[in-house]
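Report on the structure given below.
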Amino acid sequence: MNVTPRSLTLLFIKAAFVSRTVPTASHCEPRTALHLCRTMASAAQGNMGPAHKKAKHKEPLRRVRIKENRSRKQDAHGPSSVYLQVVGAGSRDNAASLYVFSEYNRYLFNCGEGTQRLMQEHKLKAAQLDKIFLTRLSWENVGGLSGMILTLKDTGVPKCVVSGPPQLESYLKAIKSFSGPLEDIELSVRPYTEETCSDETMTVQQVPIFAQPQSRSSPDSRCRPASPGGKRKDSSLLVAFICRLHPKKGNFLVAEAKDLGLPVGTAAIGELIKKLKNGESVTYEGKEIRPEQVCTPTDPGPVFIVVECPSEEFVEPVCENQQLERHHSGGTEDPPALVVHMTPESVLKTDLYREWMERFPSRTEHLIINESATTTHNLRSHKIQAHLNMIHPHMFPLLQSYTSKDSPAAPQVSSVRAECLLKFQLRPVMEWQRDAIPVCNTDHFLQEASEIPNFVEEAAECRRTCSAGSGSTERFPEVVFLGTGSALPMKIRNVSSTLVNISPRRSLLLDCGEGTFGQLCRHYGDDVDEALSRISTVFISHLHADHHTGLVKLLYQRRRALATLGRTFSPLFLVAPGQIMVWLQQYHDHCEEVLSHINLIPNRLLLEHADPPGQRTHSFMEEMLRENQLREFQTCFVRHCKNAFACSFTHQSGWKLAFSGDTMPCDAFVRIGKDATLLIHEATLEDGMEEEAVDKRHSTTSQAIGIGMKMNADFIMLNHFSQRYAKIPLFSEDFTERVGISFDHMRIPLADLKSVPKLIPALKTLFAEEIEAMEERRGRRELKQMASSGSLLELGLKRDPEPSSDVEEQKKRLKTS
C-alpha cells in the first residue's frame with residue numbers, strides 16, 4: 001500500500017512512543033505485569049455494582065428541541081413542507097413501504113424486510129420516525145418491523161406508535177421472545193378501532209375493511225369485529241388510511257403591506273399580521289386592510305389515501321367502502337390529491353376496481369406499488385459488485401433483478417408506477433419529483449473503478465493468474481455468501497446468510513438473517529424460484545435477529561416457488577435451537593400460518609452424546625441426511641450466548657464444511673470441524689480489539705484463523721464482519737494462502753478455493769483508501785492504549801478499558817443472551 005505523509009507521521013509517533021515505554025505482549029504471549037494491571041482495572045470497572053449499570057435512555061436533546069419547535073410553530077400554521085417518498089417499490093425483492101416527511105413528523109407505511117437497509121442507504125432517518133402504519137398483518141408488511149424497532153431503541157427514540165390490524169399486540173409480544181425486553185423504548189399500539197389520531201402534521205383516519213366472506217351469506221358478516229384483545233388469527237382484515245394535512249395559513253406579503261402603509265419592520269406589525277393571517281380585517285391609521293390584500297390564501301390541507309387490496313376477495317369491500325366513497329367526485333369529503341394503491345396487477349385489471357379508481361376526480365393522482373416495479377433499490381450493492389466483477393467475473397457475478405410475469409394493467413386515470421425514492425410533494429408545490437431515484441449505470445461504475453490508481457492492471461493480473469491456476473471445471477459443491485455483515489443490515493453488507501449448493505438439486509442454508517430472500521432475488525434474478533426449490537434444509541445458529549428473522553419470508557417464498565414450478569410441496573428441515581418454536585408458534589397462532597412449512601430438528605439433538613431423539617425427530621434426521629447426501633451432521637455449543645451453536649457436516653463423497661455461527665474461539669468447534677475442507681468462521685473484529693471481542697463474545701481475525709489452523713481446515717473463509725468494515729476488513733499478518741475474506745454475492749465452488757487468496761492484491765488496490773483510513777484509526781487506538789499503559793506503569797493508576805466504538809454500540813442490537 002502507498003505510504004502517505006499522514007500515515008508516515010503516525011508511524012513515526014508510534015515508533016517514538018514505543019521506544020520510551022515498555023513493549024506490550026501480543027495476545028498469544030505469556031501475561032506480563034501490564035496485562036495483570038489491565039485485568040485488574042477491567043475487573044474493577046466491571047464490579048462497580050448496580051450504580052454502574054447502563055442507564056435508561058434519556059430523550060435526546062435534539063428530539064426535545066424538535067418538539068419545542070413543533071409546539072411553537074403549530075400555533076401559527078400547519079407544516080409548510082410535506083412529501084411522500086417510496087422506499088420499497090413493491091418488487092419481489094423489496095416489499096412496498098412508504099415514507100412521509102414533514103418538518104414536524106416522520107411516518108412509515110408498512111415495514112417489510114429490507115426497509116431499514118434502504119432507509120440507511122438512502123439517508124431516510126429512521127431515528128426520527130414518530131409513527132408506523134400497517135395496512136395488513138402479513139409478513140410482506142411487517143417482516144422488517146422487529147429490526148426497525150430495535151434500531152429505534154438503540155438510537156434513543158423514546159416512543160413509537162404502531163397503528164393497524166388487531167394482531168399487532170400479539171406480534172410485538174412474539175418478537176420479544178428473541179429480542180428480550182424493550183424497556184428503552186415505549187411501544188404504543190393504536191388498534192384499528194381507534195378511528196382517528198392527530199399530531200402536528202396531519203389527522204389520520206383508520207378505515208377497517210374485511211374481505212368478502214367465501215359464503216357471501218350476509219352483508220353484515222363483512223364488518224365483524226376482532227375477538228377481544230385482538231388474539232384471533234385473522235388475515236381477512238386490512239386497514240386503509242385517510243390522511244389530511246392541517247391547514248396552513250397564508251403567507252404575509254411584505255411588499256403589498258408596505259404599499260398599503262402598514263408599519264412593516266416595527267413592533268406594531270406583529271399583532272396586525274396575526275389578525276390578518278387569522279382572517280380578520282384590521283384598521284390602521286383610519287384605513288381598513290382586508291386579509292386577502294396582504295396574505296396569500298389559506299391552504300385547507302390536502303388529503304392522501306393509502307390502501308392495500310392484496311387479492312380479489314378484498315375488491316368489493318374496498319370499492320364499496322362508504323368512508324372511502326365520500327372522497328369520490330361528488331362526495332361529501334374533499335377529493336384526495338393522491339391515492340396510493342398497494343395492489344397487484346390481477347386486482348387492477350378487475351372491472352370493479354378499475355371503475356372505483358375512475359370515480360375519483362381527474363385531478364387525483366394515483367401511485368401504484370406492486371411486484372411489477374422495475375427499479376433499482378440497493379444501488380451500492382450493484383456498484384461494489386460491478387467493481388468486484390472486474391477482478392473475478394465468475395466469483396463476483398453481476399447482480400440481477402426478478403421480472404414479474406404479470407402484464408401491467410392500464411388504468412384510465414392519471415397513474416404513476418412506483419420507483420425507489422420517487423417523491424410526491426404535497427407542500428409547498430404539489431408535484432412529482434424524480435431527481436432522487438437511483439440510476440444503476442454499470443458503465444459509470446466501471447469508469448469509476450478504472451480511475452482508481454493501478455486497479456485495472458491489478459484486476460487484469462488477478463484474472464490471468466486465476467485462469468491459469470484453475471484446472472477444475474466442477475461447479476458443485478458451491479458456496480454463495482448472501483450476507484456477510486453483523487448486527488443489522490447495511491447498504492453494502494447484509495446480515496448473516498450463506499447458501500451451500502450441495503448438488504444441482506439440493507441446497508442447505510446456514511443462517512437466515514433479515515433480507516435473505518431479497519439477496520437471493522438479486523443474485524439469481526428470474527431463476528430465484530429454481531434456487532428456492534432446491535433448499536431442503538436451513539440451519540439457524542442462534543436466536544439473535546441478524547441470524548433468523550429472514551426465515552418466515554423464505555418459507556413463504558419457497559412454497560410459492562414450488563407452486564410456480566409445478567412441484568410438490570414438502571416442508572424443509574429446520575435445524576435450529578428449540579427455543580425458536582416460541583417465536584414461530586406465537587406468529588402461527590396470532591398472525592399467519594407458518595408451522596406446516598418446517599420439520600424441526602433441535603440443534604441439541606445433533607450434539608455429541610446427545611439424548612436419543614423421539615421417533616418422529618429421528619425420522620426427520622435420517623431423511624435430512626438422505627436428502628442432502630450427507631454422511632454426518634454435527635452441532636456443538638459455542639461461546640456466544642445461551643443456546644448458540646456451530647455445526648459441521650460431511651458429504652458422502654468426503655468433503656466437509658464447518659460453520660461457526662457467532663462465537664469466541666471454541667475448542668468444541670475445533671473437535672467437530674476437524675479436517676474440514678472449508679471452515680466458515682466469524683471474524684467480527686480486527687486484531688488488537690481482543691477486549692471488545694471478549695465483551696461482545698465474538699472473534700478477531702487472527703483468532704478465527706487460529707481456530708482453522710487448530711482444526712487443520714484445508715481453507716478458511718472469514719465472514720460476519722462488524723459493519724465498521726463495510727467494504728473490507730483489515731488484513732491480519734496471519735493471512736496465508738489458506739485464508740480468504742467473504743463478500744455479499746460471492747460465489748465459490750469448493751474446487752476453486754485456492755484461487756481466493758489470489759484476489760487479495762487487487763482487493764487491496766480497490767479499497768486502498770478504506771484500508772488506509774482503518775489503519776490510521778487502529779494506529780490512533782494503539783497510541784491511546786500505549787499512553788494509558790504508560791501512565792499505569794509510571795503512576796500506578798488504574799486504566800479504564802477502551803470505550804467501544806460508538807458505531808459498533810449503535811449496531812450491537814441483540815447481542816445479549
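Every chain in the C-alpha cells takes a letter, A first, then B, and so on in the order presented; its residues are numbered from 1, and the ligands are numbered from 1 following the presented order.
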
Enumerate, in order of chain and increasing residue number, the residues of range 85-108 of chain A with an atom no farther than 12 Å from range 138-160 of chain A, each with its shortest atom pair and distance in Å to one decimal, counting only C-alpha atoms, as a tab-separated table.
```
residue	atom	partner	partner_atom	distance
A:Gly88	CA	A:Asn141	CA	10.6
A:Gly90	CA	A:Glu140	CA	9.4
A:Ser91	CA	A:Glu140	CA	11.0
A:Arg92	CA	A:Glu140	CA	9.8
A:Asp93	CA	A:Glu140	CA	10.4
A:Asn94	CA	A:Glu140	CA	9.0
A:Ala95	CA	A:Glu140	CA	6.0
A:Ala96	CA	A:Asn141	CA	7.4
A:Ser97	CA	A:Asn141	CA	7.8
A:Leu98	CA	A:Asn141	CA	11.0
A:Asn105	CA	A:Cys160	CA	11.7
A:Arg106	CA	A:Cys160	CA	10.8
A:Tyr107	CA	A:Cys160	CA	10.1
A:Leu108	CA	A:Leu145	CA	10.6
```

- Give me the residues within 8 Å of Thr442 in chain A as a PyMOL selection string, counting only C-alpha atoms and dropping any in the same chain fewer than 4 places off. chain A and resi 383+386+446

Keeping N, CA and C atoms, export the residues of the selection given above as a short mmCIF file (atom, residue, chain, number, x, y, z; two decimals), in the first residue's frame.
```cif
data_model
loop_
_atom_site.label_atom_id
_atom_site.label_comp_id
_atom_site.auth_asym_id
_atom_site.auth_seq_id
_atom_site.Cartn_x
_atom_site.Cartn_y
_atom_site.Cartn_z
N LYS A 383 -23.13 -1.40 -7.27
CA LYS A 383 -21.88 -0.71 -7.59
C LYS A 383 -20.67 -1.53 -7.16
N ALA A 386 -20.18 -4.60 -9.28
CA ALA A 386 -19.60 -4.30 -10.60
C ALA A 386 -18.09 -4.13 -10.50
N LEU A 446 -18.01 1.10 -13.77
CA LEU A 446 -16.73 0.61 -14.29
C LEU A 446 -15.76 1.76 -14.53
#
```

- Got a sec: who's within 10 Å of range 498-504 of chain A, counting only C-alpha atoms, leaving out chain neighbours fewer than 6 positions off, as a count of residues only? 35

- Message: So that I can check the surroundings of range 635-640 of chain A, please list as a ChimeraX atom specification every protein, DNA and RNA residue that reaches within 12 Å of it, counting only C-alpha atoms and ignoring chain neighbours fewer than 2 positions away.
- Response: /A:539-544,575-577,601-610,632-633,642-649,657-673,682,693-699,814-817

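Here CA of Glu121 in chain A is placed at a distance of 26.7 Å from CA of Leu555 in chain A.
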
Distance query range 758-762 of chain A at most 9 Å, only C-alpha atoms, self and fewer than 5 positions along chain excluded, as a PDB file with all heavy atoms, in the first residue's frame:
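Result written to around13.pdb:
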```pdb
ATOM      1  N   ILE A 391     -12.559  -7.999 -11.052  1.00  0.00           N
ATOM      2  CA  ILE A 391     -11.474  -8.821 -10.510  1.00  0.00           C
ATOM      3  C   ILE A 391     -11.655 -10.283 -10.880  1.00  0.00           C
ATOM      4  O   ILE A 391     -10.706 -10.956 -11.301  1.00  0.00           O
ATOM      5  CB  ILE A 391     -11.401  -8.646  -8.975  1.00  0.00           C
ATOM      6  CG1 ILE A 391     -11.078  -7.192  -8.621  1.00  0.00           C
ATOM      7  CG2 ILE A 391     -10.388  -9.594  -8.359  1.00  0.00           C
ATOM      8  CD1 ILE A 391     -11.130  -6.896  -7.132  1.00  0.00           C
ATOM      9  N   HIS A 392     -12.898 -10.777 -10.712  1.00  0.00           N
ATOM     10  CA  HIS A 392     -13.166 -12.197 -10.997  1.00  0.00           C
ATOM     11  C   HIS A 392     -14.636 -12.339 -11.394  1.00  0.00           C
ATOM     12  O   HIS A 392     -15.509 -12.432 -10.535  1.00  0.00           O
ATOM     13  CB  HIS A 392     -12.857 -13.057  -9.777  1.00  0.00           C
ATOM     14  CG  HIS A 392     -12.659 -14.510 -10.091  1.00  0.00           C
ATOM     15  ND1 HIS A 392     -13.633 -15.287 -10.687  1.00  0.00           N
ATOM     16  CD2 HIS A 392     -11.586 -15.338  -9.904  1.00  0.00           C
ATOM     17  CE1 HIS A 392     -13.185 -16.530 -10.825  1.00  0.00           C
ATOM     18  NE2 HIS A 392     -11.942 -16.584 -10.374  1.00  0.00           N
ATOM     19  N   ASN A 454      -3.867   2.059 -10.512  1.00  0.00           N
ATOM     20  CA  ASN A 454      -3.337   0.689 -10.648  1.00  0.00           C
ATOM     21  C   ASN A 454      -4.393  -0.410 -10.570  1.00  0.00           C
ATOM     22  O   ASN A 454      -4.051  -1.596 -10.671  1.00  0.00           O
ATOM     23  CB  ASN A 454      -2.259   0.397  -9.583  1.00  0.00           C
ATOM     24  CG  ASN A 454      -1.122   1.390  -9.623  1.00  0.00           C
ATOM     25  OD1 ASN A 454      -0.686   1.796 -10.709  1.00  0.00           O
ATOM     26  ND2 ASN A 454      -0.647   1.802  -8.456  1.00  0.00           N
ATOM     27  N   PHE A 455      -5.685  -0.047 -10.387  1.00  0.00           N
ATOM     28  CA  PHE A 455      -6.676  -1.112 -10.200  1.00  0.00           C
ATOM     29  C   PHE A 455      -6.900  -1.931 -11.461  1.00  0.00           C
ATOM     30  O   PHE A 455      -6.995  -3.160 -11.399  1.00  0.00           O
ATOM     31  CB  PHE A 455      -8.006  -0.526  -9.711  1.00  0.00           C
ATOM     32  CG  PHE A 455      -9.091  -1.565  -9.618  1.00  0.00           C
ATOM     33  CD1 PHE A 455      -8.979  -2.628  -8.733  1.00  0.00           C
ATOM     34  CD2 PHE A 455     -10.217  -1.508 -10.440  1.00  0.00           C
ATOM     35  CE1 PHE A 455      -9.959  -3.612  -8.660  1.00  0.00           C
ATOM     36  CE2 PHE A 455     -11.197  -2.477 -10.377  1.00  0.00           C
ATOM     37  CZ  PHE A 455     -11.071  -3.526  -9.480  1.00  0.00           C
ATOM     38  N   VAL A 456      -7.017  -1.286 -12.600  1.00  0.00           N
ATOM     39  CA  VAL A 456      -7.277  -2.028 -13.840  1.00  0.00           C
ATOM     40  C   VAL A 456      -6.172  -3.057 -14.088  1.00  0.00           C
ATOM     41  O   VAL A 456      -6.433  -4.211 -14.453  1.00  0.00           O
ATOM     42  CB  VAL A 456      -7.408  -1.059 -15.035  1.00  0.00           C
ATOM     43  CG1 VAL A 456      -7.489  -1.822 -16.349  1.00  0.00           C
ATOM     44  CG2 VAL A 456      -8.645  -0.180 -14.863  1.00  0.00           C
ATOM     45  N   GLU A 457      -4.931  -2.655 -13.855  1.00  0.00           N
ATOM     46  CA  GLU A 457      -3.801  -3.569 -14.066  1.00  0.00           C
ATOM     47  C   GLU A 457      -3.837  -4.735 -13.072  1.00  0.00           C
ATOM     48  O   GLU A 457      -3.625  -5.891 -13.448  1.00  0.00           O
ATOM     49  CB  GLU A 457      -2.476  -2.813 -13.925  1.00  0.00           C
ATOM     50  CG  GLU A 457      -2.230  -1.751 -14.993  1.00  0.00           C
ATOM     51  CD  GLU A 457      -2.980  -0.445 -14.729  1.00  0.00           C
ATOM     52  OE1 GLU A 457      -3.596  -0.312 -13.645  1.00  0.00           O
ATOM     53  OE2 GLU A 457      -2.945   0.441 -15.606  1.00  0.00           O
ATOM     54  N   GLU A 458      -4.123  -4.416 -11.793  1.00  0.00           N
ATOM     55  CA  GLU A 458      -4.179  -5.476 -10.780  1.00  0.00           C
ATOM     56  C   GLU A 458      -5.329  -6.449 -11.059  1.00  0.00           C
ATOM     57  O   GLU A 458      -5.187  -7.660 -10.879  1.00  0.00           O
ATOM     58  CB  GLU A 458      -4.340  -4.867  -9.388  1.00  0.00           C
ATOM     59  CG  GLU A 458      -3.106  -4.182  -8.848  1.00  0.00           C
ATOM     60  CD  GLU A 458      -2.044  -5.166  -8.375  1.00  0.00           C
ATOM     61  OE1 GLU A 458      -2.259  -6.393  -8.492  1.00  0.00           O
ATOM     62  OE2 GLU A 458      -0.990  -4.717  -7.907  1.00  0.00           O
ATOM     63  N   ALA A 459      -6.476  -5.919 -11.489  1.00  0.00           N
ATOM     64  CA  ALA A 459      -7.621  -6.780 -11.799  1.00  0.00           C
ATOM     65  C   ALA A 459      -7.298  -7.708 -12.965  1.00  0.00           C
ATOM     66  O   ALA A 459      -7.630  -8.904 -12.951  1.00  0.00           O
ATOM     67  CB  ALA A 459      -8.849  -5.930 -12.102  1.00  0.00           C
ATOM     68  N   ALA A 460      -6.655  -7.170 -13.981  1.00  0.00           N
ATOM     69  CA  ALA A 460      -6.286  -7.992 -15.142  1.00  0.00           C
ATOM     70  C   ALA A 460      -5.309  -9.088 -14.743  1.00  0.00           C
ATOM     71  O   ALA A 460      -5.419 -10.245 -15.189  1.00  0.00           O
ATOM     72  CB  ALA A 460      -5.691  -7.108 -16.239  1.00  0.00           C
ATOM     73  N   GLU A 461      -4.341  -8.736 -13.888  1.00  0.00           N
ATOM     74  CA  GLU A 461      -3.367  -9.731 -13.431  1.00  0.00           C
ATOM     75  C   GLU A 461      -4.062 -10.820 -12.604  1.00  0.00           C
ATOM     76  O   GLU A 461      -3.729 -12.013 -12.711  1.00  0.00           O
ATOM     77  CB  GLU A 461      -2.291  -9.040 -12.596  1.00  0.00           C
ATOM     78  CG  GLU A 461      -1.239  -9.964 -12.000  1.00  0.00           C
ATOM     79  CD  GLU A 461      -0.419 -10.708 -13.053  1.00  0.00           C
ATOM     80  OE1 GLU A 461      -0.429 -10.295 -14.240  1.00  0.00           O
ATOM     81  OE2 GLU A 461       0.223 -11.718 -12.682  1.00  0.00           O
ATOM     82  N   CYS A 462      -5.026 -10.418 -11.789  1.00  0.00           N
ATOM     83  CA  CYS A 462      -5.768 -11.388 -10.984  1.00  0.00           C
ATOM     84  C   CYS A 462      -6.541 -12.361 -11.877  1.00  0.00           C
ATOM     85  O   CYS A 462      -6.515 -13.572 -11.660  1.00  0.00           O
ATOM     86  CB  CYS A 462      -6.719 -10.662 -10.039  1.00  0.00           C
ATOM     87  SG  CYS A 462      -7.693 -11.761  -9.001  1.00  0.00           S
ATOM     88  N   ARG A 463      -7.215 -11.828 -12.877  1.00  0.00           N
ATOM     89  CA  ARG A 463      -7.966 -12.701 -13.787  1.00  0.00           C
ATOM     90  C   ARG A 463      -7.024 -13.671 -14.495  1.00  0.00           C
ATOM     91  O   ARG A 463      -7.341 -14.844 -14.694  1.00  0.00           O
ATOM     92  CB  ARG A 463      -8.736 -11.860 -14.819  1.00  0.00           C
ATOM     93  CG  ARG A 463      -9.866 -11.041 -14.225  1.00  0.00           C
ATOM     94  CD  ARG A 463     -10.802 -10.515 -15.304  1.00  0.00           C
ATOM     95  NE  ARG A 463     -10.099  -9.677 -16.272  1.00  0.00           N
ATOM     96  CZ  ARG A 463      -9.916  -8.378 -16.153  1.00  0.00           C
ATOM     97  NH1 ARG A 463     -10.371  -7.738 -15.064  1.00  0.00           N
ATOM     98  NH2 ARG A 463      -9.290  -7.666 -17.086  1.00  0.00           N
ATOM     99  N   THR A 465      -3.966 -14.821 -13.457  1.00  0.00           N
ATOM    100  CA  THR A 465      -3.419 -15.855 -12.565  1.00  0.00           C
ATOM    101  C   THR A 465      -4.490 -16.848 -12.126  1.00  0.00           C
ATOM    102  O   THR A 465      -4.218 -18.043 -12.008  1.00  0.00           O
ATOM    103  CB  THR A 465      -2.779 -15.205 -11.325  1.00  0.00           C
ATOM    104  OG1 THR A 465      -3.746 -14.375 -10.670  1.00  0.00           O
ATOM    105  CG2 THR A 465      -1.585 -14.362 -11.704  1.00  0.00           C
ATOM    106  N   CYS A 466      -5.704 -16.367 -11.894  1.00  0.00           N
ATOM    107  CA  CYS A 466      -6.785 -17.283 -11.504  1.00  0.00           C
ATOM    108  C   CYS A 466      -7.137 -18.225 -12.647  1.00  0.00           C
ATOM    109  O   CYS A 466      -7.403 -19.412 -12.441  1.00  0.00           O
ATOM    110  CB  CYS A 466      -8.013 -16.496 -11.066  1.00  0.00           C
ATOM    111  SG  CYS A 466      -7.835 -15.658  -9.481  1.00  0.00           S
ATOM    112  N   GLU A 737      -2.041 -18.518   2.302  1.00  0.00           N
ATOM    113  CA  GLU A 737      -2.702 -18.985   1.080  1.00  0.00           C
ATOM    114  C   GLU A 737      -3.894 -19.874   1.395  1.00  0.00           C
ATOM    115  O   GLU A 737      -4.583 -20.346   0.488  1.00  0.00           O
ATOM    116  CB  GLU A 737      -1.702 -19.739   0.199  1.00  0.00           C
ATOM    117  CG  GLU A 737      -1.227 -21.078   0.732  1.00  0.00           C
ATOM    118  CD  GLU A 737      -0.182 -20.943   1.842  1.00  0.00           C
ATOM    119  OE1 GLU A 737       0.283 -19.810   2.078  1.00  0.00           O
ATOM    120  OE2 GLU A 737       0.149 -21.976   2.474  1.00  0.00           O
ATOM    121  N   GLY A 740      -9.271 -16.638   3.137  1.00  0.00           N
ATOM    122  CA  GLY A 740      -9.932 -15.666   2.272  1.00  0.00           C
ATOM    123  C   GLY A 740     -10.978 -14.895   3.039  1.00  0.00           C
ATOM    124  O   GLY A 740     -11.384 -15.275   4.137  1.00  0.00           O
ATOM    125  N   ILE A 741     -11.414 -13.756   2.479  1.00  0.00           N
ATOM    126  CA  ILE A 741     -12.478 -12.965   3.088  1.00  0.00           C
ATOM    127  C   ILE A 741     -13.699 -12.989   2.168  1.00  0.00           C
ATOM    128  O   ILE A 741     -13.568 -13.037   0.950  1.00  0.00           O
ATOM    129  CB  ILE A 741     -12.038 -11.519   3.362  1.00  0.00           C
ATOM    130  CG1 ILE A 741     -11.530 -10.851   2.094  1.00  0.00           C
ATOM    131  CG2 ILE A 741     -11.000 -11.468   4.450  1.00  0.00           C
ATOM    132  CD1 ILE A 741     -11.206  -9.384   2.275  1.00  0.00           C
ATOM    133  N   PHE A 767      -9.649  -1.086  -2.585  1.00  0.00           N
ATOM    134  CA  PHE A 767     -10.087  -0.481  -1.321  1.00  0.00           C
ATOM    135  C   PHE A 767      -8.926   0.179  -0.575  1.00  0.00           C
ATOM    136  O   PHE A 767      -8.909   0.209   0.653  1.00  0.00           O
ATOM    137  CB  PHE A 767     -10.747  -1.542  -0.441  1.00  0.00           C
ATOM    138  CG  PHE A 767     -11.949  -2.191  -1.075  1.00  0.00           C
ATOM    139  CD1 PHE A 767     -11.939  -3.545  -1.377  1.00  0.00           C
ATOM    140  CD2 PHE A 767     -13.068  -1.454  -1.388  1.00  0.00           C
ATOM    141  CE1 PHE A 767     -13.034  -4.150  -1.964  1.00  0.00           C
ATOM    142  CE2 PHE A 767     -14.179  -2.050  -1.978  1.00  0.00           C
ATOM    143  CZ  PHE A 767     -14.159  -3.401  -2.276  1.00  0.00           C
TER     144      PHE A 767
END
```

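Secondary structure from DSSP on the backbone puts helix (DSSP H, G or I) at the following positions of range 430-460 of chain A: Thr442, Asp443, His444, Phe445, Leu446, Gln447, Glu448, Ala449, Ser450, Phe455, Val456, Glu457, Glu458, Ala459 and Ala460 of chain A.
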
Would you write out those residues with N, CA and C atoms, as a compact mmCIF listing (two decimals), in the first residue's frame?
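Contents of part_34.txt, as written:
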```txt
# COMPACT_ATOMS: atom_id res chain seq x y z
N THR A 442 -24.05 0.55 -14.98
CA THR A 442 -22.86 -0.28 -14.81
C THR A 442 -21.64 0.34 -15.49
N ASP A 443 -21.85 0.95 -16.66
CA ASP A 443 -20.72 1.59 -17.35
C ASP A 443 -20.10 2.69 -16.49
N HIS A 444 -20.97 3.44 -15.80
CA HIS A 444 -20.47 4.51 -14.92
C HIS A 444 -19.67 3.91 -13.75
N PHE A 445 -20.16 2.79 -13.20
CA PHE A 445 -19.45 2.12 -12.11
C PHE A 445 -18.07 1.66 -12.58
N LEU A 446 -18.01 1.10 -13.77
CA LEU A 446 -16.73 0.61 -14.29
C LEU A 446 -15.76 1.76 -14.53
N GLN A 447 -16.31 2.88 -15.00
CA GLN A 447 -15.46 4.05 -15.22
C GLN A 447 -14.88 4.55 -13.89
N GLU A 448 -15.70 4.56 -12.84
CA GLU A 448 -15.22 4.96 -11.52
C GLU A 448 -14.07 4.07 -11.07
N ALA A 449 -14.25 2.75 -11.25
CA ALA A 449 -13.22 1.80 -10.81
C ALA A 449 -11.94 1.98 -11.61
N SER A 450 -12.08 2.27 -12.90
CA SER A 450 -10.89 2.41 -13.76
C SER A 450 -10.05 3.62 -13.38
N PHE A 455 -5.68 -0.05 -10.39
CA PHE A 455 -6.68 -1.11 -10.20
C PHE A 455 -6.90 -1.93 -11.46
N VAL A 456 -7.02 -1.29 -12.60
CA VAL A 456 -7.28 -2.03 -13.84
C VAL A 456 -6.17 -3.06 -14.09
N GLU A 457 -4.93 -2.65 -13.85
CA GLU A 457 -3.80 -3.57 -14.07
C GLU A 457 -3.84 -4.73 -13.07
N GLU A 458 -4.12 -4.42 -11.79
CA GLU A 458 -4.18 -5.48 -10.78
C GLU A 458 -5.33 -6.45 -11.06
N ALA A 459 -6.48 -5.92 -11.49
CA ALA A 459 -7.62 -6.78 -11.80
C ALA A 459 -7.30 -7.71 -12.96
N ALA A 460 -6.65 -7.17 -13.98
CA ALA A 460 -6.29 -7.99 -15.14
C ALA A 460 -5.31 -9.09 -14.74
```

- Message: Residues near Phe721 in chain A, anyone? I mean within 9 Å using only C-alpha atoms, not counting same-chain ones fewer than 3 positions away, as an MDAnalysis selection string.
- Response: chainID A and resid 484:486 493 682:686 718 724:726 728:729

- Message: Using only C-alpha atoms, which protein or nucleic acid residues come within 8 Å of Trp583 in chain A? Drop anything in the same chain fewer than 2 positions from it, and give the result as JSON, numbers by chain.
- Response: {"A": [174, 175, 177, 178, 579, 580, 581, 585, 586, 587]}

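CA of Thr549 in chain A sits 20.4 Å away from CA of His377 in chain A.
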
- Message: Nearest residue to Val756 in chain A out of A:Ser742, A:Thr537, A:Gln385, A:Gln703, using only C-alpha atoms?
- Response: A:Ser742

- Message: Please return, as a ChimeraX atom specification, all residues of range 557-788 of chain A that DSSP assigns to strand (DSSP E or B) on the basis of the backbone.
- Response: /A:572-576,598-602,607,630-637,645-651,656-659,678-682,685,700,716-719,721,739-741,746-749

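Counting only C-alpha atoms, the residue from A:Ser415, A:Thr617, A:Leu379, A:Ser362 that sits nearest to Leu348 in chain A is A:Ser415.
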